[in-house]
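See below for structure_20.txt, which holds compact mmCIF, C-alpha atoms.
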# COMPACT_ATOMS: atom_id res chain seq x y z
CA MET A 75 -25.55 22.14 104.14
CA THR A 76 -24.82 18.46 103.56
CA ALA A 77 -22.90 17.72 100.39
CA GLN A 78 -24.69 15.76 97.72
CA ILE A 79 -23.77 12.42 96.29
CA THR A 80 -21.19 12.73 93.54
CA ILE A 81 -20.43 10.19 90.82
CA PRO A 82 -16.83 10.18 89.55
CA PRO A 83 -16.58 10.18 85.75
CA GLU A 84 -15.56 6.96 84.10
CA TRP A 85 -12.17 8.41 83.10
CA ALA A 86 -11.21 8.94 86.77
CA PRO A 87 -8.71 6.46 88.30
CA GLN A 88 -10.31 3.09 88.97
CA LYS A 89 -9.70 0.62 91.77
CA ALA A 90 -11.31 -2.28 89.90
CA ILE A 91 -13.64 -3.26 87.10
CA TRP A 92 -16.39 -5.75 87.91
CA THR A 93 -17.80 -8.17 85.36
CA ALA A 94 -19.27 -11.68 85.25
CA TRP A 95 -18.70 -14.96 83.42
CA PRO A 96 -21.60 -16.20 81.24
CA ALA A 97 -23.18 -19.13 83.06
CA ASN A 98 -26.91 -19.26 82.24
CA ARG A 99 -27.21 -21.61 79.25
CA GLU A 100 -30.86 -20.79 78.65
CA GLU A 101 -30.07 -17.11 78.28
CA TRP A 102 -27.42 -17.88 75.67
CA ASN A 103 -29.35 -20.43 73.56
CA ASP A 104 -27.36 -23.27 75.15
CA ASP A 105 -24.12 -21.79 73.77
CA LEU A 106 -21.85 -20.42 76.48
CA ASP A 107 -18.63 -20.76 74.52
CA THR A 108 -19.40 -17.86 72.18
CA PRO A 109 -20.08 -15.14 74.79
CA ARG A 110 -17.33 -16.52 77.03
CA HIS A 111 -14.86 -16.04 74.19
CA ASP A 112 -15.77 -12.33 73.98
CA VAL A 113 -15.68 -11.82 77.76
CA ALA A 114 -12.28 -13.51 77.99
CA ASN A 115 -10.86 -11.24 75.26
CA LEU A 116 -12.28 -8.20 77.04
CA ILE A 117 -10.60 -9.21 80.30
CA ARG A 118 -7.30 -9.85 78.55
CA ALA A 119 -7.44 -6.34 77.11
CA LEU A 120 -8.13 -4.83 80.54
CA ALA A 121 -5.85 -6.96 82.72
CA PRO A 122 -2.44 -5.37 82.04
CA THR A 123 -3.51 -2.04 83.56
CA ASN A 124 -6.63 -2.90 85.57
CA LYS A 125 -7.78 -5.15 88.38
CA VAL A 126 -10.66 -7.22 87.03
CA MET A 127 -13.12 -8.70 89.53
CA LEU A 128 -14.90 -11.59 87.80
CA LEU A 129 -18.07 -13.07 89.26
CA VAL A 130 -18.36 -16.84 88.72
CA HIS A 131 -21.77 -18.41 89.28
CA ASP A 132 -20.84 -21.99 90.17
CA ALA A 133 -18.01 -24.52 90.13
CA GLU A 134 -18.23 -25.08 86.37
CA ALA A 135 -18.16 -21.34 85.66
CA GLU A 136 -15.17 -20.85 87.96
CA ALA A 137 -13.24 -23.75 86.45
CA SER A 138 -13.88 -22.67 82.86
CA ALA A 139 -13.02 -19.04 83.62
CA LYS A 140 -9.76 -20.00 85.30
CA ALA A 141 -8.88 -22.29 82.39
CA ALA A 142 -9.42 -19.42 79.96
CA LEU A 143 -7.91 -16.57 81.97
CA GLY A 144 -5.50 -17.87 84.58
CA ASP A 145 -4.40 -15.00 86.81
CA ALA A 146 -5.83 -12.26 84.54
CA ALA A 147 -8.79 -11.84 86.91
CA THR A 148 -9.74 -12.12 90.57
CA TYR A 149 -12.51 -14.71 90.90
CA VAL A 150 -15.55 -14.00 93.08
CA PRO A 151 -18.08 -16.81 93.60
CA ALA A 152 -21.51 -15.16 93.43
CA LYS A 153 -25.07 -15.72 92.30
CA TYR A 154 -26.35 -13.62 89.38
CA GLY A 155 -29.04 -13.97 86.78
CA ASP A 156 -26.95 -12.91 83.82
CA ILE A 157 -23.85 -10.81 83.18
CA TRP A 158 -25.36 -7.32 82.66
CA LEU A 159 -23.73 -5.81 85.74
CA ARG A 160 -23.91 -2.23 84.45
CA ASP A 161 -27.63 -2.46 85.17
CA THR A 162 -27.87 -4.90 88.07
CA GLY A 163 -24.70 -3.90 89.94
CA PRO A 164 -24.22 -0.89 92.22
CA ILE A 165 -23.10 2.57 91.16
CA PHE A 166 -20.10 3.51 93.30
CA ALA A 167 -20.12 7.08 94.56
CA ASN A 168 -18.97 9.60 97.12
CA GLY A 169 -21.74 9.89 99.67
CA PRO A 170 -23.25 12.91 101.43
CA GLU A 171 -20.59 12.84 104.18
CA ASN A 172 -17.79 12.26 101.66
CA ASN A 173 -17.90 8.57 102.51
CA HIS A 174 -17.71 5.92 99.84
CA VAL A 175 -21.05 4.26 99.11
CA ALA A 176 -22.62 1.79 96.72
CA LEU A 177 -25.86 3.17 95.34
CA ARG A 178 -28.49 0.47 94.88
CA PHE A 179 -31.69 0.72 92.91
CA LYS A 180 -34.62 -1.54 92.29
CA THR A 181 -34.61 -3.70 89.17
CA ASN A 182 -37.70 -4.80 87.31
CA SER A 183 -35.97 -6.83 84.60
CA TRP A 184 -35.73 -4.02 82.03
CA GLY A 185 -39.42 -3.28 82.16
CA GLY A 186 -40.48 -6.85 82.85
CA LYS A 187 -38.77 -8.42 79.84
CA TYR A 188 -35.99 -10.61 81.32
CA ASP A 189 -36.84 -11.76 84.83
CA LEU A 190 -33.89 -13.77 86.14
CA PRO A 191 -33.17 -15.05 89.66
CA ASP A 192 -30.47 -13.18 91.62
CA ASP A 193 -30.42 -10.10 89.36
CA ALA A 194 -32.12 -8.19 92.17
CA THR A 195 -29.45 -9.16 94.72
CA VAL A 196 -26.14 -9.30 92.83
CA GLY A 197 -25.65 -5.57 93.38
CA ASP A 198 -25.62 -6.13 97.13
CA THR A 199 -23.14 -8.98 96.65
CA ILE A 200 -20.76 -6.71 94.75
CA ALA A 201 -21.12 -3.88 97.27
CA ASN A 202 -20.47 -6.20 100.19
CA THR A 203 -17.46 -7.80 98.50
CA ALA A 204 -16.08 -4.32 97.77
CA ASN A 205 -16.71 -3.45 101.43
CA LYS A 206 -18.83 -0.41 100.55
CA PRO A 207 -21.92 0.56 102.56
CA ILE A 208 -25.13 0.32 100.59
CA LYS A 209 -27.39 3.31 100.04
CA PRO A 210 -30.69 2.05 98.64
CA PHE A 211 -33.26 3.97 96.60
CA PRO A 212 -36.90 2.91 96.14
CA PHE A 213 -37.13 3.24 92.36
CA VAL A 214 -35.98 1.42 89.23
CA LEU A 215 -32.76 2.65 87.65
CA GLU A 216 -30.31 0.77 85.44
CA GLY A 217 -26.72 1.98 85.34
CA GLY A 218 -26.64 1.91 81.55
CA ALA A 219 -29.50 4.40 81.48
CA VAL A 220 -27.34 7.26 82.79
CA ASP A 221 -23.94 8.69 81.90
CA HIS A 222 -22.00 11.19 84.03
CA ASP A 223 -19.50 14.00 83.50
CA GLY A 224 -18.32 13.92 87.13
CA ASN A 225 -19.62 17.44 87.72
CA GLY A 226 -23.34 16.93 88.05
CA THR A 227 -24.36 16.64 84.39
CA VAL A 228 -26.24 13.46 83.50
CA LEU A 229 -27.11 12.13 80.06
CA THR A 230 -30.15 9.89 79.71
CA THR A 231 -33.02 9.01 77.39
CA LYS A 232 -36.72 9.66 77.68
CA GLN A 233 -37.33 6.27 76.11
CA THR A 234 -35.87 4.54 79.18
CA LEU A 235 -36.38 6.79 82.18
CA LEU A 236 -39.85 8.03 81.29
CA ASN A 237 -41.04 4.65 80.04
CA PRO A 238 -44.27 3.47 81.74
CA ASN A 239 -42.61 0.06 82.19
CA ARG A 240 -40.10 1.54 84.66
CA ASN A 241 -41.34 4.10 87.21
CA GLY A 242 -44.01 5.94 85.25
CA TRP A 243 -42.18 9.21 85.86
CA THR A 244 -42.81 12.59 84.35
CA LYS A 245 -39.71 14.46 83.21
CA GLU A 246 -39.83 16.54 86.38
CA GLN A 247 -40.09 13.45 88.59
CA GLY A 248 -37.16 11.85 86.77
CA GLU A 249 -34.98 14.90 87.25
CA ALA A 250 -35.87 15.08 90.95
CA ALA A 251 -34.95 11.41 91.41
CA LEU A 252 -31.60 11.82 89.61
CA LYS A 253 -30.83 14.90 91.70
CA GLU A 254 -31.46 12.97 94.91
CA ALA A 255 -29.72 9.74 93.93
CA LEU A 256 -26.87 10.88 91.69
CA GLY A 257 -26.33 14.51 92.66
CA ALA A 258 -27.48 15.59 89.19
CA ARG A 259 -27.47 19.35 88.68
CA LYS A 260 -28.45 19.14 85.02
CA VAL A 261 -30.10 16.36 83.03
CA ILE A 262 -29.71 16.27 79.25
CA TRP A 263 -32.55 14.29 77.72
CA ILE A 264 -32.11 12.34 74.48
CA ASP A 265 -35.38 11.16 72.96
CA GLU A 266 -34.61 7.56 72.04
CA GLY A 267 -31.96 4.95 71.46
CA LEU A 268 -31.15 2.42 68.75
CA LEU A 269 -33.58 0.20 66.89
CA ASN A 270 -34.36 -3.10 68.65
CA ASP A 271 -32.46 -2.19 71.84
CA HIS A 272 -33.61 -4.65 74.52
CA THR A 273 -33.05 -1.98 77.18
CA ASP A 274 -35.49 0.54 75.68
CA GLY A 275 -32.78 2.92 74.57
CA HIS A 276 -29.99 3.00 77.14
CA ILE A 277 -27.73 6.04 76.83
CA ASP A 278 -24.50 4.03 77.00
CA ASN A 279 -25.24 2.66 73.54
CA ILE A 280 -25.68 6.08 71.88
CA ALA A 281 -23.79 8.93 73.61
CA ARG A 282 -21.00 9.13 76.18
CA PHE A 283 -19.11 11.78 78.12
CA VAL A 284 -15.38 11.40 77.47
CA ALA A 285 -14.08 14.51 79.28
CA PRO A 286 -15.55 17.63 80.94
CA ARG A 287 -17.86 19.35 78.42
CA ARG A 288 -17.04 16.77 75.75
CA VAL A 289 -19.34 14.03 74.46
CA VAL A 290 -19.15 11.50 71.65
CA CYS A 291 -21.95 10.08 69.56
CA GLN A 292 -22.22 8.34 66.20
CA ALA A 293 -22.87 9.44 62.64
CA PRO A 294 -24.76 7.26 60.14
CA ALA A 295 -22.48 4.77 58.43
CA ASP A 296 -24.18 5.09 55.05
CA ALA A 297 -27.54 5.57 53.35
CA ASP A 298 -28.60 2.09 54.50
CA ASP A 299 -28.12 2.84 58.21
CA PRO A 300 -31.46 2.03 59.93
CA ASN A 301 -30.60 4.41 62.78
CA ALA A 302 -29.64 7.39 60.60
CA GLN A 303 -32.50 9.64 61.68
CA THR A 304 -32.03 8.73 65.33
CA LEU A 305 -28.26 9.33 65.25
CA ASN A 306 -28.70 12.75 63.66
CA ALA A 307 -31.35 13.69 66.22
CA ILE A 308 -29.03 12.65 69.06
CA ALA A 309 -26.24 14.87 67.73
CA ALA A 310 -28.61 17.81 67.26
CA THR A 311 -29.85 17.53 70.85
CA LEU A 312 -26.32 17.39 72.22
CA GLU A 313 -25.14 20.32 70.09
CA ALA A 314 -27.96 22.46 71.51
CA ALA A 315 -27.32 21.40 75.11
CA THR A 316 -25.27 22.89 77.93
CA ASP A 317 -23.76 21.24 81.00
CA ALA A 318 -24.56 21.96 84.64
CA ASP A 319 -22.39 25.09 84.56
CA GLY A 320 -23.90 26.44 81.36
CA ASN A 321 -21.07 25.40 79.04
CA LYS A 322 -21.84 24.32 75.49
CA LEU A 323 -20.80 20.76 74.77
CA ASP A 324 -18.04 19.79 72.38
CA VAL A 325 -19.83 17.11 70.36
CA ILE A 326 -17.63 14.64 68.49
CA ARG A 327 -19.25 12.30 66.00
CA ILE A 328 -17.56 9.07 64.98
CA PRO A 329 -18.68 6.66 62.25
CA GLY A 330 -21.47 4.39 63.40
CA VAL A 331 -21.66 0.64 62.88
CA GLY A 332 -24.44 0.87 60.31
CA LYS A 333 -26.91 -1.89 59.53
CA TYR A 334 -25.92 -4.95 61.53
CA VAL A 335 -27.91 -8.07 60.70
CA ASN A 336 -27.65 -10.88 63.22
CA PRO A 337 -27.58 -14.61 62.38
CA GLU A 338 -31.37 -14.83 62.69
CA GLY A 339 -31.81 -12.10 60.09
CA GLY A 340 -32.86 -9.35 62.50
CA ILE A 341 -31.27 -5.95 63.00
CA SER A 342 -29.28 -5.73 66.26
CA PRO A 343 -28.32 -2.54 68.15
CA ALA A 344 -24.57 -2.77 67.45
CA SER A 345 -22.74 0.34 68.64
CA TYR A 346 -19.20 1.56 69.16
CA MET A 347 -20.50 3.72 72.02
CA ASN A 348 -20.62 0.72 74.35
CA PHE A 349 -16.91 1.15 75.08
CA ILE A 350 -15.23 0.92 78.49
CA ILE A 351 -12.98 3.74 79.70
CA ALA A 352 -10.46 2.09 82.04
CA ASN A 353 -7.01 2.73 83.48
CA GLY A 354 -4.71 3.12 80.49
CA VAL A 355 -7.10 1.70 77.90
CA VAL A 356 -10.43 2.16 76.17
CA VAL A 357 -11.94 -1.13 75.05
CA VAL A 358 -14.32 -0.73 72.11
CA PRO A 359 -16.74 -3.40 70.86
CA VAL A 360 -16.31 -4.16 67.17
CA TYR A 361 -18.40 -6.24 64.83
CA GLY A 362 -16.37 -6.81 61.67
CA THR A 363 -18.13 -4.02 59.79
CA LYS A 364 -16.66 -1.60 57.25
CA THR A 365 -16.50 1.42 59.57
CA GLU A 366 -14.51 -0.39 62.28
CA SER A 367 -11.05 1.01 61.47
CA ALA A 368 -12.29 4.58 61.05
CA ALA A 369 -14.23 4.45 64.32
CA LEU A 370 -11.25 3.11 66.28
CA ALA A 371 -8.98 5.79 64.79
CA ALA A 372 -11.48 8.50 65.69
CA LEU A 373 -11.75 7.25 69.26
CA GLN A 374 -7.97 7.08 69.56
CA ASN A 375 -7.95 10.82 68.78
CA VAL A 376 -10.54 11.33 71.51
CA PHE A 377 -8.41 9.40 74.03
CA PRO A 378 -4.78 10.35 73.24
CA ASP A 379 -3.55 9.25 76.69
CA ARG A 380 -5.12 5.79 76.54
CA LYS A 381 -4.66 2.88 74.19
CA VAL A 382 -7.86 2.25 72.21
CA ILE A 383 -8.39 -1.48 71.65
CA GLY A 384 -11.09 -2.99 69.45
CA VAL A 385 -12.39 -6.35 70.69
CA ASN A 386 -14.93 -8.48 68.86
CA SER A 387 -18.34 -8.37 70.53
CA ARG A 388 -20.54 -10.24 68.06
CA GLY A 389 -21.02 -13.11 70.48
CA LEU A 390 -22.21 -10.83 73.27
CA LEU A 391 -24.53 -8.90 70.99
CA GLY A 392 -25.99 -12.21 69.92
CA SER A 393 -29.22 -12.60 68.04
CA GLY A 394 -32.90 -12.60 68.82
CA GLU A 395 -33.53 -12.58 72.56
CA MET A 396 -30.02 -13.82 73.32
CA GLY A 397 -27.41 -11.26 74.35
CA GLY A 398 -28.30 -7.80 73.17
CA GLY A 399 -25.52 -5.75 74.73
CA SER A 400 -21.79 -5.32 74.81
CA PHE A 401 -18.79 -4.49 77.00
CA HIS A 402 -20.08 -1.46 78.87
CA CYS A 403 -23.30 -3.34 79.60
CA ILE A 404 -21.45 -6.19 81.34
CA THR A 405 -19.07 -4.10 83.47
CA GLN A 406 -19.19 -1.67 86.37
CA GLN A 407 -16.20 0.37 87.40
CA GLU A 408 -15.21 0.86 91.03
CA PRO A 409 -13.47 4.26 91.18
CA GLU A 410 -10.61 4.97 93.54
CA LEU A 411 -12.94 7.53 95.18

Starting from the file, lay out its structure as structure tokens.
Amino acid sequence: MTAQITIPPEWAPQKAIWTAWPANREEWNDDLDTPRHDVANLIRALAPTNKVMLLVHDAEAEASAKAALGDAATYVPAKYGDIWLRDTGPIFANGPENNHVALRFKTNSWGGKYDLPDDATVGDTIANTANKPIKPFPFVLEGGAVDHDGNGTVLTTKQTLLNPNRNGWTKEQGEAALKEALGARKVIWIDEGLLNDHTDGHIDNIARFVAPRRVVCQAPADADDPNAQTLNAIAATLEAATDADGNKLDVIRIPGVGKYVNPEGGISPASYMNFIIANGVVVVPVYGTKTESAALAALQNVFPDRKVIGVNSRGLLGSGEMGGGSFHCITQQEPEL
């Protein structure tokens, strides 16, 4: 019997981390300096222990990135719509014959909301640059919509995967697709994500595997937390769940961000869960809110063998239609495999 595709967990050794330099002025309200500042600080946090592959869209993007970062990154000229490579890039995996492959899925601009040129092809660019054969699948799947334990258990949300604006799947169809594409042996379904999430509730903003049988999620920050009911429901679902081998999950709750009001007066989906697990470090987005120190300390306890670093992500999160995500959203790890 041919072996299935397997996805290494994010805490496995990594060959590189891929990200991109903000270059589309229209997508950032004609202000590239603010998101570039956050991306540069992210790369500086990663660079001492990781190889960072940075896509640069044009000559101006390459020049400004090099001026900001010097030799902290490897620069890759490439076309991309925007920087959300978790969703538009490939998922690197071990293939059916134990060969290394780049899994590629269709994109429909997060349910038709943000249609940008080159978002549909940048995943192929990354795969080809990484010299990995492409294995395509004929359905829509964003990388931020799924989280893996490395042993066939996948976390996801009904709000994203079963949304009519994606594939129109039933739960059974979704599970069959994840089994085929990701080698999923068990799918744990969370109902929904954070308020005003542009992605329709991506899992990487609400719950993450951090080790075999161990998952982290957030607790309400205070009585004013607009996501309090959702965060408690997420924890309850995880506490009742088992992994692909029937093991109960160890569910760790850390303080959530709480009510985060953006410069336009709207509530943004700020989350500490959008962290990156990398070689030697865990980079956590922070927003200058009162729970920041407690959340970082709690995550340091979760990752005793890595340095937990908080990096400001307010510019990436943005306001209104600008931004909307954070560090995990803009990166894709390439495991050693």

Worksheet entry | Nearby residues (only C-alpha atoms) at most 9 Å from Asn172 in chain A, same-chain spacing under 4 positions excluded, as an MDAnalysis selection string | chainID A and resid 77:80 168

Determine, using all atoms listed in the file, which residues of range 144-226 of chain A have any atom at most 9 Å from an atom of range 247-265 of chain A, and tabulate each with its shortest atom pair and distance in Å to one decimal place, rows ordered by chain and then rising number, as a tab-separated table.
residue	atom	partner	partner_atom	distance
A:Ala167	CA	A:Leu256	CA	8.3
A:Leu177	CA	A:Ala255	CA	7.7
A:Phe211	CA	A:Ala255	CA	7.3
A:Phe213	CA	A:Ala251	CA	8.5
A:His222	CA	A:Ala258	CA	8.7
A:Asn225	CA	A:Arg259	CA	8.1
A:Gly226	CA	A:Ala258	CA	4.5

Worksheet item: How many Å lie between CA of Leu106 in chain A and CA of Gly392 in chain A, rounded to one decimal?
Response: 11.3 Å

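Minimum atom-to-atom distances from A:Ala194, A:Ala90, A:Leu215, A:Ala293 to Gly242 in chain A were compared using all atoms listed in the file, and the lowest value belongs to A:Leu215.
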
Worksheet, complete the sentence: Nearest to Tyr188 in chain A, restricted to all atoms listed in the file and choosing among A:Asp145, A:Asp271, A:Glu101, A:Asp223, comes out as A:Glu101

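Interatomic distance, CA of Ala315 in chain A to CA of Arg287 in chain A: 10.2 Å.
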
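The space between CA of Asp112 in chain A and CA of Thr363 in chain A spans 16.6 Å.
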
First collect every listed atom of range 356-374 of chain A; then fit an axis-aligned box around them, widen it by 6 Å on each side, and give centre and edge lengths in Å to one decimal, as AutoDock Vina command-line options.
--center_x -13.2 --center_y 0.8 --center_z 66.7 --size_x 22.4 --size_y 27.3 --size_z 30.9

Please provide as a PDB file with C-alpha atoms, keeping the file's coordinate frame all residues within 8 Å of Pro409 in chain A, with the sequence filter that same-chain residues fewer than 5 positions apart are discarded (counting all atoms listed in the file).
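Saved as selection04.pdb:
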ATOM      1  CA  PRO A  82     -16.830  10.180  89.550  1.00  0.00           C
ATOM      2  CA  GLU A  84     -15.560   6.960  84.100  1.00  0.00           C
ATOM      3  CA  ALA A  86     -11.210   8.940  86.770  1.00  0.00           C
ATOM      4  CA  PRO A  87      -8.710   6.460  88.300  1.00  0.00           C
ATOM      5  CA  GLN A  88     -10.310   3.090  88.970  1.00  0.00           C
ATOM      6  CA  LYS A  89      -9.700   0.620  91.770  1.00  0.00           C
ATOM      7  CA  ALA A  90     -11.310  -2.280  89.900  1.00  0.00           C
ATOM      8  CA  PHE A 166     -20.100   3.510  93.300  1.00  0.00           C
ATOM      9  CA  ALA A 167     -20.120   7.080  94.560  1.00  0.00           C
TER      10      ALA A 167
END

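Excluding Pro286 in chain A and any residue on its chain fewer than 4 positions from it, the residues at most 10 Å away by only C-alpha atoms are Pro83, His222, Asp223, Gly224, Asn225, Thr227, Asp317, Asn321, Leu323 and Asp324 of chain A.
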
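Each of A:Thr123, A:Asn241, A:Ser387, A:Ser400 was checked against His111 in chain A using all atoms listed in the file; the smallest atom-to-atom distance is that of A:Ser387.
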
Worksheet item: Which protein, DNA or RNA residues have an atom at most 6 Å from (-18.5, 15.7, 72.3), counting all atoms listed in the file? List them as a ChimeraX atom specification.
Response: /A:288-290,324-326

Selected residues written out, C-alpha atoms, as a short mmCIF file (atom, residue, chain, number, x, y, z; two decimals), in the coordinates of the input:
data_model
loop_
_atom_site.label_atom_id
_atom_site.label_comp_id
_atom_site.auth_asym_id
_atom_site.auth_seq_id
_atom_site.Cartn_x
_atom_site.Cartn_y
_atom_site.Cartn_z
CA ARG A 288 -17.04 16.77 75.75
CA VAL A 289 -19.34 14.03 74.46
CA VAL A 290 -19.15 11.50 71.65
CA ASP A 324 -18.04 19.79 72.38
CA VAL A 325 -19.83 17.11 70.36
CA ILE A 326 -17.63 14.64 68.49
#

Discussion item. So that I can see what lies close to Asn301 in chain A, please list as a list of chain:residue names the residues with an atom at most 9 Å from it, counting all atoms listed in the file and leaving out residues fewer than 4 positions away in the same chain.
Written reply: A:Gly267, A:Leu268, A:Leu269, A:Pro294, A:Leu305, A:Asn306, A:Gly332, A:Lys333

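Nearest residue to Ile308 in chain A among A:Ala369, A:Ile81, A:Val382, A:Leu229 is A:Leu229, counting all atoms listed in the file.
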
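Using all atoms listed in the file, the shortest contact distance between Val355 in chain A and any of A:Asp192, A:Asp379, A:Glu408, A:Asp105 is found at A:Asp379.
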
Practice prompt. Extract, using all atoms listed in the file, all DNA, RNA and protein residues at most 9 Å from Leu143 in chain A, discarding same-chain residues fewer than 6 positions from it, and format them as number ranges by chain.
Written response: A: 114, 117-118

Please rebuild range 354-379 of chain A with N, CA and C atoms and return the result as a PDB file, keeping the file's coordinate frame.
ATOM      1  N   GLY A 354      -5.650   3.357  81.574  1.00  0.00           N
ATOM      2  CA  GLY A 354      -4.710   3.120  80.490  1.00  0.00           C
ATOM      3  C   GLY A 354      -5.278   2.693  79.159  1.00  0.00           C
ATOM      4  N   VAL A 355      -6.527   2.229  79.134  1.00  0.00           N
ATOM      5  CA  VAL A 355      -7.100   1.700  77.900  1.00  0.00           C
ATOM      6  C   VAL A 355      -8.556   2.122  77.736  1.00  0.00           C
ATOM      7  N   VAL A 356      -8.999   2.084  76.494  1.00  0.00           N
ATOM      8  CA  VAL A 356     -10.430   2.160  76.170  1.00  0.00           C
ATOM      9  C   VAL A 356     -10.718   0.938  75.308  1.00  0.00           C
ATOM     10  N   VAL A 357     -11.612   0.089  75.779  1.00  0.00           N
ATOM     11  CA  VAL A 357     -11.940  -1.130  75.050  1.00  0.00           C
ATOM     12  C   VAL A 357     -13.258  -0.911  74.309  1.00  0.00           C
ATOM     13  N   VAL A 358     -13.196  -1.059  72.989  1.00  0.00           N
ATOM     14  CA  VAL A 358     -14.320  -0.730  72.110  1.00  0.00           C
ATOM     15  C   VAL A 358     -14.865  -2.005  71.480  1.00  0.00           C
ATOM     16  N   PRO A 359     -16.176  -2.232  71.544  1.00  0.00           N
ATOM     17  CA  PRO A 359     -16.740  -3.400  70.860  1.00  0.00           C
ATOM     18  C   PRO A 359     -16.717  -3.190  69.353  1.00  0.00           C
ATOM     19  N   VAL A 360     -16.305  -4.217  68.633  1.00  0.00           N
ATOM     20  CA  VAL A 360     -16.310  -4.160  67.170  1.00  0.00           C
ATOM     21  C   VAL A 360     -17.031  -5.389  66.630  1.00  0.00           C
ATOM     22  N   TYR A 361     -17.471  -5.256  65.378  1.00  0.00           N
ATOM     23  CA  TYR A 361     -18.400  -6.240  64.830  1.00  0.00           C
ATOM     24  C   TYR A 361     -18.018  -6.704  63.419  1.00  0.00           C
ATOM     25  N   GLY A 362     -16.797  -6.393  62.989  1.00  0.00           N
ATOM     26  CA  GLY A 362     -16.370  -6.810  61.670  1.00  0.00           C
ATOM     27  C   GLY A 362     -17.019  -6.050  60.539  1.00  0.00           C
ATOM     28  N   THR A 363     -17.457  -4.823  60.797  1.00  0.00           N
ATOM     29  CA  THR A 363     -18.130  -4.020  59.790  1.00  0.00           C
ATOM     30  C   THR A 363     -17.158  -3.019  59.155  1.00  0.00           C
ATOM     31  N   LYS A 364     -17.575  -2.391  58.078  1.00  0.00           N
ATOM     32  CA  LYS A 364     -16.660  -1.600  57.250  1.00  0.00           C
ATOM     33  C   LYS A 364     -16.181  -0.314  57.914  1.00  0.00           C
ATOM     34  N   THR A 365     -16.898   0.173  58.913  1.00  0.00           N
ATOM     35  CA  THR A 365     -16.500   1.420  59.570  1.00  0.00           C
ATOM     36  C   THR A 365     -15.590   1.204  60.771  1.00  0.00           C
ATOM     37  N   GLU A 366     -15.247  -0.039  61.051  1.00  0.00           N
ATOM     38  CA  GLU A 366     -14.510  -0.390  62.280  1.00  0.00           C
ATOM     39  C   GLU A 366     -13.191   0.382  62.407  1.00  0.00           C
ATOM     40  N   SER A 367     -12.361   0.364  61.396  1.00  0.00           N
ATOM     41  CA  SER A 367     -11.050   1.010  61.470  1.00  0.00           C
ATOM     42  C   SER A 367     -11.182   2.524  61.676  1.00  0.00           C
ATOM     43  N   ALA A 368     -12.107   3.134  60.938  1.00  0.00           N
ATOM     44  CA  ALA A 368     -12.290   4.580  61.050  1.00  0.00           C
ATOM     45  C   ALA A 368     -12.809   4.960  62.438  1.00  0.00           C
ATOM     46  N   ALA A 369     -13.702   4.158  62.985  1.00  0.00           N
ATOM     47  CA  ALA A 369     -14.230   4.450  64.320  1.00  0.00           C
ATOM     48  C   ALA A 369     -13.147   4.330  65.385  1.00  0.00           C
ATOM     49  N   LEU A 370     -12.326   3.288  65.303  1.00  0.00           N
ATOM     50  CA  LEU A 370     -11.250   3.110  66.280  1.00  0.00           C
ATOM     51  C   LEU A 370     -10.234   4.253  66.178  1.00  0.00           C
ATOM     52  N   ALA A 371      -9.922   4.673  64.964  1.00  0.00           N
ATOM     53  CA  ALA A 371      -8.980   5.790  64.790  1.00  0.00           C
ATOM     54  C   ALA A 371      -9.552   7.075  65.363  1.00  0.00           C
ATOM     55  N   ALA A 372     -10.851   7.304  65.153  1.00  0.00           N
ATOM     56  CA  ALA A 372     -11.480   8.500  65.690  1.00  0.00           C
ATOM     57  C   ALA A 372     -11.488   8.494  67.210  1.00  0.00           C
ATOM     58  N   LEU A 373     -11.747   7.336  67.797  1.00  0.00           N
ATOM     59  CA  LEU A 373     -11.750   7.250  69.260  1.00  0.00           C
ATOM     60  C   LEU A 373     -10.341   7.363  69.821  1.00  0.00           C
ATOM     61  N   GLN A 374      -9.345   6.896  69.090  1.00  0.00           N
ATOM     62  CA  GLN A 374      -7.970   7.080  69.560  1.00  0.00           C
ATOM     63  C   GLN A 374      -7.628   8.571  69.632  1.00  0.00           C
ATOM     64  N   ASN A 375      -8.142   9.365  68.708  1.00  0.00           N
ATOM     65  CA  ASN A 375      -7.950  10.820  68.780  1.00  0.00           C
ATOM     66  C   ASN A 375      -8.662  11.431  69.972  1.00  0.00           C
ATOM     67  N   VAL A 376      -9.780  10.848  70.351  1.00  0.00           N
ATOM     68  CA  VAL A 376     -10.540  11.330  71.510  1.00  0.00           C
ATOM     69  C   VAL A 376      -9.801  11.009  72.813  1.00  0.00           C
ATOM     70  N   PHE A 377      -9.104   9.870  72.827  1.00  0.00           N
ATOM     71  CA  PHE A 377      -8.410   9.400  74.030  1.00  0.00           C
ATOM     72  C   PHE A 377      -6.902   9.304  73.766  1.00  0.00           C
ATOM     73  N   PRO A 378      -6.201  10.422  73.598  1.00  0.00           N
ATOM     74  CA  PRO A 378      -4.780  10.350  73.240  1.00  0.00           C
ATOM     75  C   PRO A 378      -3.895   9.751  74.325  1.00  0.00           C
ATOM     76  N   ASP A 379      -4.362   9.756  75.579  1.00  0.00           N
ATOM     77  CA  ASP A 379      -3.550   9.250  76.690  1.00  0.00           C
ATOM     78  C   ASP A 379      -3.881   7.810  77.061  1.00  0.00           C
TER      79      ASP A 379
END
